[in-house]
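As provided, data_32.cif (mmCIF, C-alpha atoms, pLDDT in the B column; chains and numbers go by the auth columns) reads as follows.
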```
data_protein
loop_
_atom_site.group_PDB
_atom_site.id
_atom_site.type_symbol
_atom_site.label_atom_id
_atom_site.label_comp_id
_atom_site.label_asym_id
_atom_site.label_seq_id
_atom_site.Cartn_x
_atom_site.Cartn_y
_atom_site.Cartn_z
_atom_site.B_iso_or_equiv
_atom_site.auth_seq_id
_atom_site.auth_asym_id
ATOM 1 C CA MET A 1 -6.658 -28.529 -8.942 51.00 290 L
ATOM 2 C CA PRO A 2 -4.854 -26.173 -11.348 54.00 291 L
ATOM 3 C CA LEU A 3 -1.695 -24.531 -10.052 49.00 292 L
ATOM 4 C CA PRO A 4 -1.141 -21.532 -12.366 50.00 293 L
ATOM 5 C CA PHE A 5 1.954 -20.348 -10.528 45.00 294 L
ATOM 6 C CA LEU A 6 3.705 -23.620 -11.460 45.00 295 L
ATOM 7 C CA THR A 7 2.785 -23.455 -15.143 42.00 296 L
ATOM 8 C CA ALA A 8 3.525 -19.784 -15.783 43.00 297 L
ATOM 9 C CA GLU A 9 5.823 -18.746 -18.543 48.00 298 L
ATOM 10 C CA PRO A 10 9.334 -17.842 -17.321 51.00 299 L
ATOM 11 C CA ASP A 11 8.827 -14.198 -18.347 50.00 300 L
ATOM 12 C CA GLU A 12 5.637 -13.897 -16.300 50.00 301 L
ATOM 13 C CA VAL A 13 5.428 -13.572 -12.556 49.00 302 L
ATOM 14 C CA ALA A 14 2.328 -15.562 -11.657 45.00 303 L
ATOM 15 C CA LEU A 15 1.389 -15.240 -8.023 47.00 304 L
ATOM 16 C CA PRO A 16 -1.079 -17.436 -6.151 47.00 305 L
ATOM 17 C CA HIS A 17 -2.969 -14.362 -4.906 49.00 306 L
ATOM 18 C CA ASP A 18 -4.207 -11.070 -6.308 62.00 307 L
ATOM 19 C CA ASP A 19 -4.140 -8.995 -3.139 69.00 308 L
ATOM 20 C CA HIS A 20 -2.351 -5.772 -4.104 72.00 309 L
ATOM 21 C CA GLU A 21 -2.214 -4.620 -0.473 80.00 310 L
ATOM 22 C CA ARG A 22 0.055 -7.511 0.459 86.00 311 L
ATOM 23 C CA TRP A 23 3.817 -6.871 0.349 91.00 312 L
ATOM 24 C CA ARG A 24 5.509 -8.964 -2.318 91.00 313 L
ATOM 25 C CA ARG A 25 8.858 -9.170 -4.027 91.00 314 L
ATOM 26 C CA PRO A 26 8.299 -8.664 -7.789 90.00 315 L
ATOM 27 C CA TYR A 27 11.170 -11.040 -8.632 91.00 316 L
ATOM 28 C CA ARG A 28 12.609 -14.314 -7.418 91.00 317 L
ATOM 29 C CA PRO A 29 15.666 -14.335 -5.142 91.00 318 L
ATOM 30 C CA GLY A 30 18.825 -14.979 -7.091 90.00 319 L
ATOM 31 C CA PRO A 31 21.048 -18.054 -6.909 89.00 320 L
ATOM 32 C CA TRP A 32 23.795 -16.259 -4.980 88.00 321 L
ATOM 33 C CA ARG A 33 21.382 -15.148 -2.257 90.00 322 L
ATOM 34 C CA VAL A 34 19.799 -18.597 -2.020 93.00 323 L
ATOM 35 C CA ALA A 35 23.175 -20.372 -1.977 94.00 324 L
ATOM 36 C CA ILE A 36 24.527 -18.175 0.818 94.00 325 L
ATOM 37 C CA GLY A 37 21.300 -18.619 2.797 95.00 326 L
ATOM 38 C CA ALA A 38 21.440 -22.400 2.337 96.00 327 L
ATOM 39 C CA LEU A 39 25.077 -22.464 3.424 97.00 328 L
ATOM 40 C CA LEU A 40 24.225 -20.472 6.558 97.00 329 L
ATOM 41 C CA LEU A 41 21.374 -22.851 7.365 97.00 330 L
ATOM 42 C CA LEU A 42 23.714 -25.825 6.884 98.00 331 L
ATOM 43 C CA VAL A 43 26.197 -24.293 9.329 98.00 332 L
ATOM 44 C CA ALA A 44 23.343 -23.638 11.764 98.00 333 L
ATOM 45 C CA SER A 45 22.264 -27.284 11.585 98.00 334 L
ATOM 46 C CA PHE A 46 25.767 -28.391 12.576 98.00 335 L
ATOM 47 C CA MET A 47 25.734 -25.845 15.383 97.00 336 L
ATOM 48 C CA LEU A 48 22.417 -27.232 16.627 97.00 337 L
ATOM 49 C CA LEU A 49 23.838 -30.762 16.509 97.00 338 L
ATOM 50 C CA ALA A 50 26.800 -29.531 18.546 97.00 339 L
ATOM 51 C CA THR A 51 24.356 -27.919 20.972 97.00 340 L
ATOM 52 C CA MET A 52 22.627 -31.253 21.474 97.00 341 L
ATOM 53 C CA ILE A 53 25.935 -33.072 22.054 97.00 342 L
ATOM 54 C CA ILE A 54 27.095 -30.437 24.538 96.00 343 L
ATOM 55 C CA ALA A 55 23.745 -30.591 26.369 96.00 344 L
ATOM 56 C CA PHE A 56 23.924 -34.408 26.647 96.00 345 L
ATOM 57 C CA ALA A 57 27.429 -34.021 28.058 95.00 346 L
ATOM 58 C CA GLY A 58 25.963 -31.876 30.831 91.00 347 L
ATOM 59 C CA ALA A 59 27.627 -28.531 30.023 94.00 348 L
ATOM 60 C CA TRP A 60 24.465 -26.440 30.074 95.00 349 L
ATOM 61 C CA SER A 61 26.137 -23.049 29.837 96.00 350 L
ATOM 62 C CA GLY A 62 28.107 -24.149 26.770 95.00 351 L
ATOM 63 C CA ALA A 63 24.934 -25.556 25.224 96.00 352 L
ATOM 64 C CA ALA A 64 23.122 -22.273 25.834 97.00 353 L
ATOM 65 C CA VAL A 65 25.903 -20.288 24.164 97.00 354 L
ATOM 66 C CA CYS A 66 25.973 -22.665 21.205 97.00 355 L
ATOM 67 C CA LEU A 67 22.173 -22.534 20.901 97.00 356 L
ATOM 68 C CA ALA A 68 22.206 -18.735 20.938 98.00 357 L
ATOM 69 C CA ALA A 69 24.889 -18.680 18.232 98.00 358 L
ATOM 70 C CA ALA A 70 22.925 -21.157 16.087 98.00 359 L
ATOM 71 C CA LEU A 71 19.743 -19.101 16.430 98.00 360 L
ATOM 72 C CA ALA A 72 21.686 -15.981 15.441 98.00 361 L
ATOM 73 C CA VAL A 73 22.924 -17.749 12.289 98.00 362 L
ATOM 74 C CA VAL A 74 19.364 -18.900 11.459 97.00 363 L
ATOM 75 C CA GLY A 75 18.127 -15.325 11.960 97.00 364 L
ATOM 76 C CA ALA A 76 20.885 -13.980 9.727 97.00 365 L
ATOM 77 C CA ALA A 77 19.988 -16.474 6.993 96.00 366 L
ATOM 78 C CA GLY A 78 16.324 -15.510 7.209 95.00 367 L
ATOM 79 C CA ARG A 79 17.119 -11.810 7.059 95.00 368 L
ATOM 80 C CA LEU A 80 19.455 -12.364 4.104 94.00 369 L
ATOM 81 C CA LEU A 81 16.742 -14.219 2.202 93.00 370 L
ATOM 82 C CA ARG A 82 14.176 -11.456 2.907 93.00 371 L
ATOM 83 C CA ALA A 83 16.477 -8.670 1.686 92.00 372 L
ATOM 84 C CA GLY A 84 15.425 -6.944 -1.507 92.00 373 L
ATOM 85 C CA VAL A 85 12.736 -4.673 -2.882 93.00 374 L
ATOM 86 C CA TRP A 86 9.119 -5.317 -1.922 93.00 375 L
ATOM 87 C CA VAL A 87 6.065 -3.562 -3.367 92.00 376 L
ATOM 88 C CA SER A 88 2.398 -3.290 -2.522 91.00 377 L
ATOM 89 C CA GLY A 89 -0.473 -1.021 -3.376 88.00 378 L
ATOM 90 C CA SER A 90 0.534 1.283 -0.535 89.00 379 L
ATOM 91 C CA GLY A 91 4.220 1.735 -1.287 90.00 380 L
ATOM 92 C CA LEU A 92 7.744 0.591 -1.935 91.00 381 L
ATOM 93 C CA ARG A 93 9.897 -1.132 0.680 93.00 382 L
ATOM 94 C CA ARG A 94 13.644 -1.709 0.544 92.00 383 L
ATOM 95 C CA VAL A 95 14.586 -4.461 2.979 93.00 384 L
ATOM 96 C CA GLY A 96 18.287 -4.522 3.818 91.00 385 L
ATOM 97 C CA PHE A 97 20.194 -6.831 6.134 91.00 386 L
ATOM 98 C CA PHE A 98 20.199 -4.327 9.010 93.00 387 L
ATOM 99 C CA ALA A 99 17.475 -1.820 8.129 92.00 388 L
ATOM 100 C CA THR A 100 14.186 -1.540 6.275 92.00 389 L
ATOM 101 C CA ARG A 101 12.895 1.625 4.648 91.00 390 L
ATOM 102 C CA SER A 102 9.351 2.049 3.363 91.00 391 L
ATOM 103 C CA LEU A 103 8.047 4.814 1.125 91.00 392 L
ATOM 104 C CA LYS A 104 4.443 5.555 0.246 91.00 393 L
ATOM 105 C CA TRP A 105 3.820 5.836 -3.470 89.00 394 L
ATOM 106 C CA GLN A 106 2.852 9.508 -2.961 89.00 395 L
ATOM 107 C CA GLN A 107 6.421 10.180 -1.743 88.00 396 L
ATOM 108 C CA VAL A 108 7.996 8.605 -4.839 88.00 397 L
ATOM 109 C CA ALA A 109 8.753 11.102 -7.600 86.00 398 L
ATOM 110 C CA GLY A 110 10.104 8.487 -9.994 86.00 399 L
ATOM 111 C CA VAL A 111 11.782 5.124 -10.435 89.00 400 L
ATOM 112 C CA ARG A 112 14.295 4.652 -13.247 89.00 401 L
ATOM 113 C CA THR A 113 17.227 2.546 -14.397 91.00 402 L
ATOM 114 C CA VAL A 114 20.614 4.277 -14.726 92.00 403 L
ATOM 115 C CA GLN A 115 24.131 3.302 -15.775 93.00 404 L
ATOM 116 C CA GLN A 116 26.632 3.916 -12.962 90.00 405 L
ATOM 117 C CA PRO A 117 29.321 2.237 -10.889 91.00 406 L
ATOM 118 C CA VAL A 118 27.703 -0.370 -8.623 91.00 407 L
ATOM 119 C CA ARG A 119 29.015 -2.661 -5.909 89.00 408 L
ATOM 120 C CA TRP A 120 29.781 -6.238 -6.876 89.00 409 L
ATOM 121 C CA LEU A 121 27.794 -8.540 -4.519 82.00 410 L
ATOM 122 C CA GLY A 122 27.626 -5.699 -1.996 81.00 411 L
ATOM 123 C CA LEU A 123 31.410 -5.717 -1.516 84.00 412 L
ATOM 124 C CA PRO A 124 33.545 -2.547 -1.682 88.00 413 L
ATOM 125 C CA ARG A 125 34.703 -3.365 -5.225 89.00 414 L
ATOM 126 C CA THR A 126 32.713 -1.395 -7.819 88.00 415 L
ATOM 127 C CA VAL A 127 32.079 -2.213 -11.460 92.00 416 L
ATOM 128 C CA GLN A 128 30.153 -0.451 -14.194 93.00 417 L
ATOM 129 C CA GLY A 129 26.578 -1.638 -14.252 92.00 418 L
ATOM 130 C CA GLN A 130 22.909 -0.771 -14.105 93.00 419 L
ATOM 131 C CA ALA A 131 21.005 0.314 -11.026 93.00 420 L
ATOM 132 C CA LEU A 132 17.358 0.913 -10.286 93.00 421 L
ATOM 133 C CA THR A 133 17.034 4.191 -8.399 91.00 422 L
ATOM 134 C CA VAL A 134 14.141 5.926 -6.693 90.00 423 L
ATOM 135 C CA ALA A 135 13.688 9.686 -6.597 88.00 424 L
ATOM 136 C CA VAL A 136 11.780 10.959 -3.582 88.00 425 L
ATOM 137 C CA GLN A 137 9.773 14.168 -3.563 85.00 426 L
ATOM 138 C CA GLY A 138 11.856 16.639 -1.609 82.00 427 L
ATOM 139 C CA GLY A 139 15.067 15.417 -3.210 77.00 428 L
ATOM 140 C CA SER A 140 16.544 13.364 -0.356 75.00 429 L
ATOM 141 C CA GLU A 141 19.236 10.877 -1.359 70.00 430 L
ATOM 142 C CA GLN A 142 18.020 7.271 -1.427 78.00 431 L
ATOM 143 C CA PRO A 143 20.054 4.079 -1.589 80.00 432 L
ATOM 144 C CA LEU A 144 19.897 2.046 -4.797 85.00 433 L
ATOM 145 C CA LEU A 145 16.962 -0.328 -4.994 88.00 434 L
ATOM 146 C CA LEU A 146 18.497 -2.988 -7.240 91.00 435 L
ATOM 147 C CA THR A 147 21.703 -3.448 -9.195 92.00 436 L
ATOM 148 C CA ASP A 148 22.596 -5.925 -11.903 91.00 437 L
ATOM 149 C CA HIS A 149 25.617 -7.035 -9.833 91.00 438 L
ATOM 150 C CA ASP A 150 23.908 -7.826 -6.521 89.00 439 L
ATOM 151 C CA ALA A 151 23.154 -11.281 -5.102 88.00 440 L
ATOM 152 C CA ASP A 152 19.864 -11.531 -6.984 90.00 441 L
ATOM 153 C CA PHE A 153 20.980 -10.583 -10.481 91.00 442 L
ATOM 154 C CA LEU A 154 24.713 -11.334 -10.897 88.00 443 L
ATOM 155 C CA SER A 155 25.143 -12.958 -14.348 87.00 444 L
ATOM 156 C CA ARG A 156 21.382 -12.670 -14.951 89.00 445 L
ATOM 157 C CA PRO A 157 20.864 -9.392 -16.875 89.00 446 L
ATOM 158 C CA GLU A 158 17.470 -10.480 -18.258 93.00 447 L
ATOM 159 C CA ALA A 159 16.197 -11.111 -14.713 93.00 448 L
ATOM 160 C CA PHE A 160 17.366 -7.638 -13.683 93.00 449 L
ATOM 161 C CA GLU A 161 15.523 -6.076 -16.619 94.00 450 L
ATOM 162 C CA ARG A 162 12.300 -7.939 -15.736 94.00 451 L
ATOM 163 C CA ALA A 163 12.566 -6.954 -12.052 93.00 452 L
ATOM 164 C CA ALA A 164 13.320 -3.309 -12.863 93.00 453 L
ATOM 165 C CA ASP A 165 10.408 -3.212 -15.309 93.00 454 L
ATOM 166 C CA ALA A 166 8.103 -4.746 -12.689 92.00 455 L
ATOM 167 C CA VAL A 167 9.056 -2.193 -10.013 92.00 456 L
ATOM 168 C CA GLU A 168 8.723 0.662 -12.526 91.00 457 L
ATOM 169 C CA ALA A 169 5.288 -0.660 -13.547 90.00 458 L
ATOM 170 C CA TRP A 170 4.162 -0.742 -9.903 90.00 459 L
ATOM 171 C CA ALA A 171 5.427 2.832 -9.482 89.00 460 L
ATOM 172 C CA ASP A 172 3.652 4.016 -12.636 88.00 461 L
ATOM 173 C CA GLU A 173 0.420 2.335 -11.574 86.00 462 L
ATOM 174 C CA TYR A 174 0.280 3.531 -7.970 84.00 463 L
ATOM 175 C CA ARG A 175 2.017 6.935 -7.899 78.00 464 L
ATOM 176 C CA GLY A 176 -0.576 9.613 -7.395 63.00 465 L
ATOM 177 C CA VAL A 177 -3.298 7.101 -6.524 57.00 466 L
ATOM 178 C CA PRO A 178 -4.705 7.866 -3.076 51.00 467 L
ATOM 179 C CA VAL A 179 -4.365 4.976 -0.635 47.00 468 L
ATOM 180 C CA GLY A 180 -7.851 3.945 0.456 43.00 469 L
#
```

Translate the structure described by the file into structure tokens.
Amino acid sequence: MPLPFLTAEPDEVALPHDDHERWRRPYRPGPWRVAIGALLLLVASFMLLATMIIAFAGAWSGAAVCLAAALAVVGAAGRLLRAGVWVSGSGLRRVGFFATRSLKWQQVAGVRTVQQPVRWLGLPRTVQGQALTVAVQGGSEQPLLLTDHDADFLSRPEAFERAADAVEAWADEYRGVPVG
């Protein structure tokens, strides 16, 4: 059975499905995001082991607290790995750690890459870099979609360019197209 998504060229994003109504991330998560998620899952596994030891010792309230903390860490890792920009035929979705915002393509006035100060790995420190911004009809201020210094693209400028081009291509293709 051919697996085209495993044999795709590195510059191409081959997906195992062609459903444009399904939400998808037009880029792969970066190594920083994956490493932090893996580290959180490793910590959660130790917390679950501690939960089991505490439960075998008979301290059920302590085991419940430890289990709740481990599940919170697993949830945080999952949310961290889902964060990013997602697109579909119906719109653009920016998934953050605490909030998600979706826009229909008809609300999007434009998507473009700009040079500006950006946060380094989401921390308060700012550096000069590139950011993918979205302009909404009506002029409301929107958060940045992607930056070349976030957890997905730090030290990977070519990956940022491909992701920004992919999101811009989705915007160009679906803006003004009525959702059926």

Non-local contacts of segment 310-325 of chain L (10 Å; all atoms listed in the file; under 2 positions in same chain excluded) as a PyMOL selection string: chain L and resi 301-304+306-308+327-331+366+369-383+410+439-445+448-449+451-456+459+468

Taking the file as I've supplied it (selection: the PyMOL selection byres ((chain L and resi 335) around 12)), which residues are included? Please answer as a count of residues only. 21

Rows by chain and residue number, segment 345-452 of chain L within 7 Å of segment 460-464 of chain L, shortest pair, all atoms listed in the file, as JSON lines:
```
{"residue": "L:Gly378", "atom": "CA", "partner": "L:Tyr463", "partner_atom": "CA", "distance": 6.5}
{"residue": "L:Trp394", "atom": "CA", "partner": "L:Arg464", "partner_atom": "CA", "distance": 4.9}
{"residue": "L:Gln395", "atom": "CA", "partner": "L:Arg464", "partner_atom": "CA", "distance": 5.6}
{"residue": "L:Val397", "atom": "CA", "partner": "L:Arg464", "partner_atom": "CA", "distance": 6.9}
{"residue": "L:Val400", "atom": "CA", "partner": "L:Ala460", "partner_atom": "CA", "distance": 6.8}
```

Between L:Ser350, L:Gln404, L:Thr389, L:Gln396, which has the minimum distance to Val423 of chain L (counting all atoms listed in the file)? L:Gln396

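Across the structure, atom CA of Val407 of chain L and atom CA of Asp437 of chain L are spaced 8.2 Å apart.
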
Which residues are near Ala424 of chain L? Cut-off 9 Å, all atoms listed in the file, ignore same chain within fewer than 2 positions. Put them as an MDAnalysis selection string. chainID L and resid 396:401 422 426:431

Which residues match the PyMOL selection byres ((chain L and resi 403) around 7) in the file above, as a CSV table (one decimal) with C-alpha atoms, keeping the file's coordinate frame?
```csv
chain,number,residue,atom,x,y,z
L,401,ARG,CA,14.3,4.7,-13.2
L,402,THR,CA,17.2,2.5,-14.4
L,404,GLN,CA,24.1,3.3,-15.8
L,405,GLN,CA,26.6,3.9,-13.0
L,419,GLN,CA,22.9,-0.8,-14.1
L,420,ALA,CA,21.0,0.3,-11.0
L,421,LEU,CA,17.4,0.9,-10.3
```

Between atom CA of Val354 of chain L and atom CA of Gly326 of chain L, what is the distance, to one decimal in Å? 21.9 Å

Could you write out as lines of an AutoDock Vina configuration file the box around segment 429-438 of chain L (axis-aligned, all atoms listed in the file, 5 Å on each side), with centre and edge lengths in Å to one decimal?
```
center_x = 21.1
center_y = 3.2
center_z = -6.1
size_x = 19.1
size_y = 30.4
size_z = 21.5
```

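You can rank L:Leu434, L:Ala458, L:Ile343, L:Ala365 by their closest distance to Phe387 of chain L using only C-alpha atoms, and at the top of that list sits L:Ala365.
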
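Minimum atom-to-atom distances from L:Leu412, L:Val425, L:Pro406, L:Pro432 to Lys393 of chain L were compared using only C-alpha atoms, and the lowest value belongs to L:Val425.
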
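Pairwise distance (atom CA of Gly367 of chain L, atom CA of Gln417 of chain L) equals 29.6 Å.
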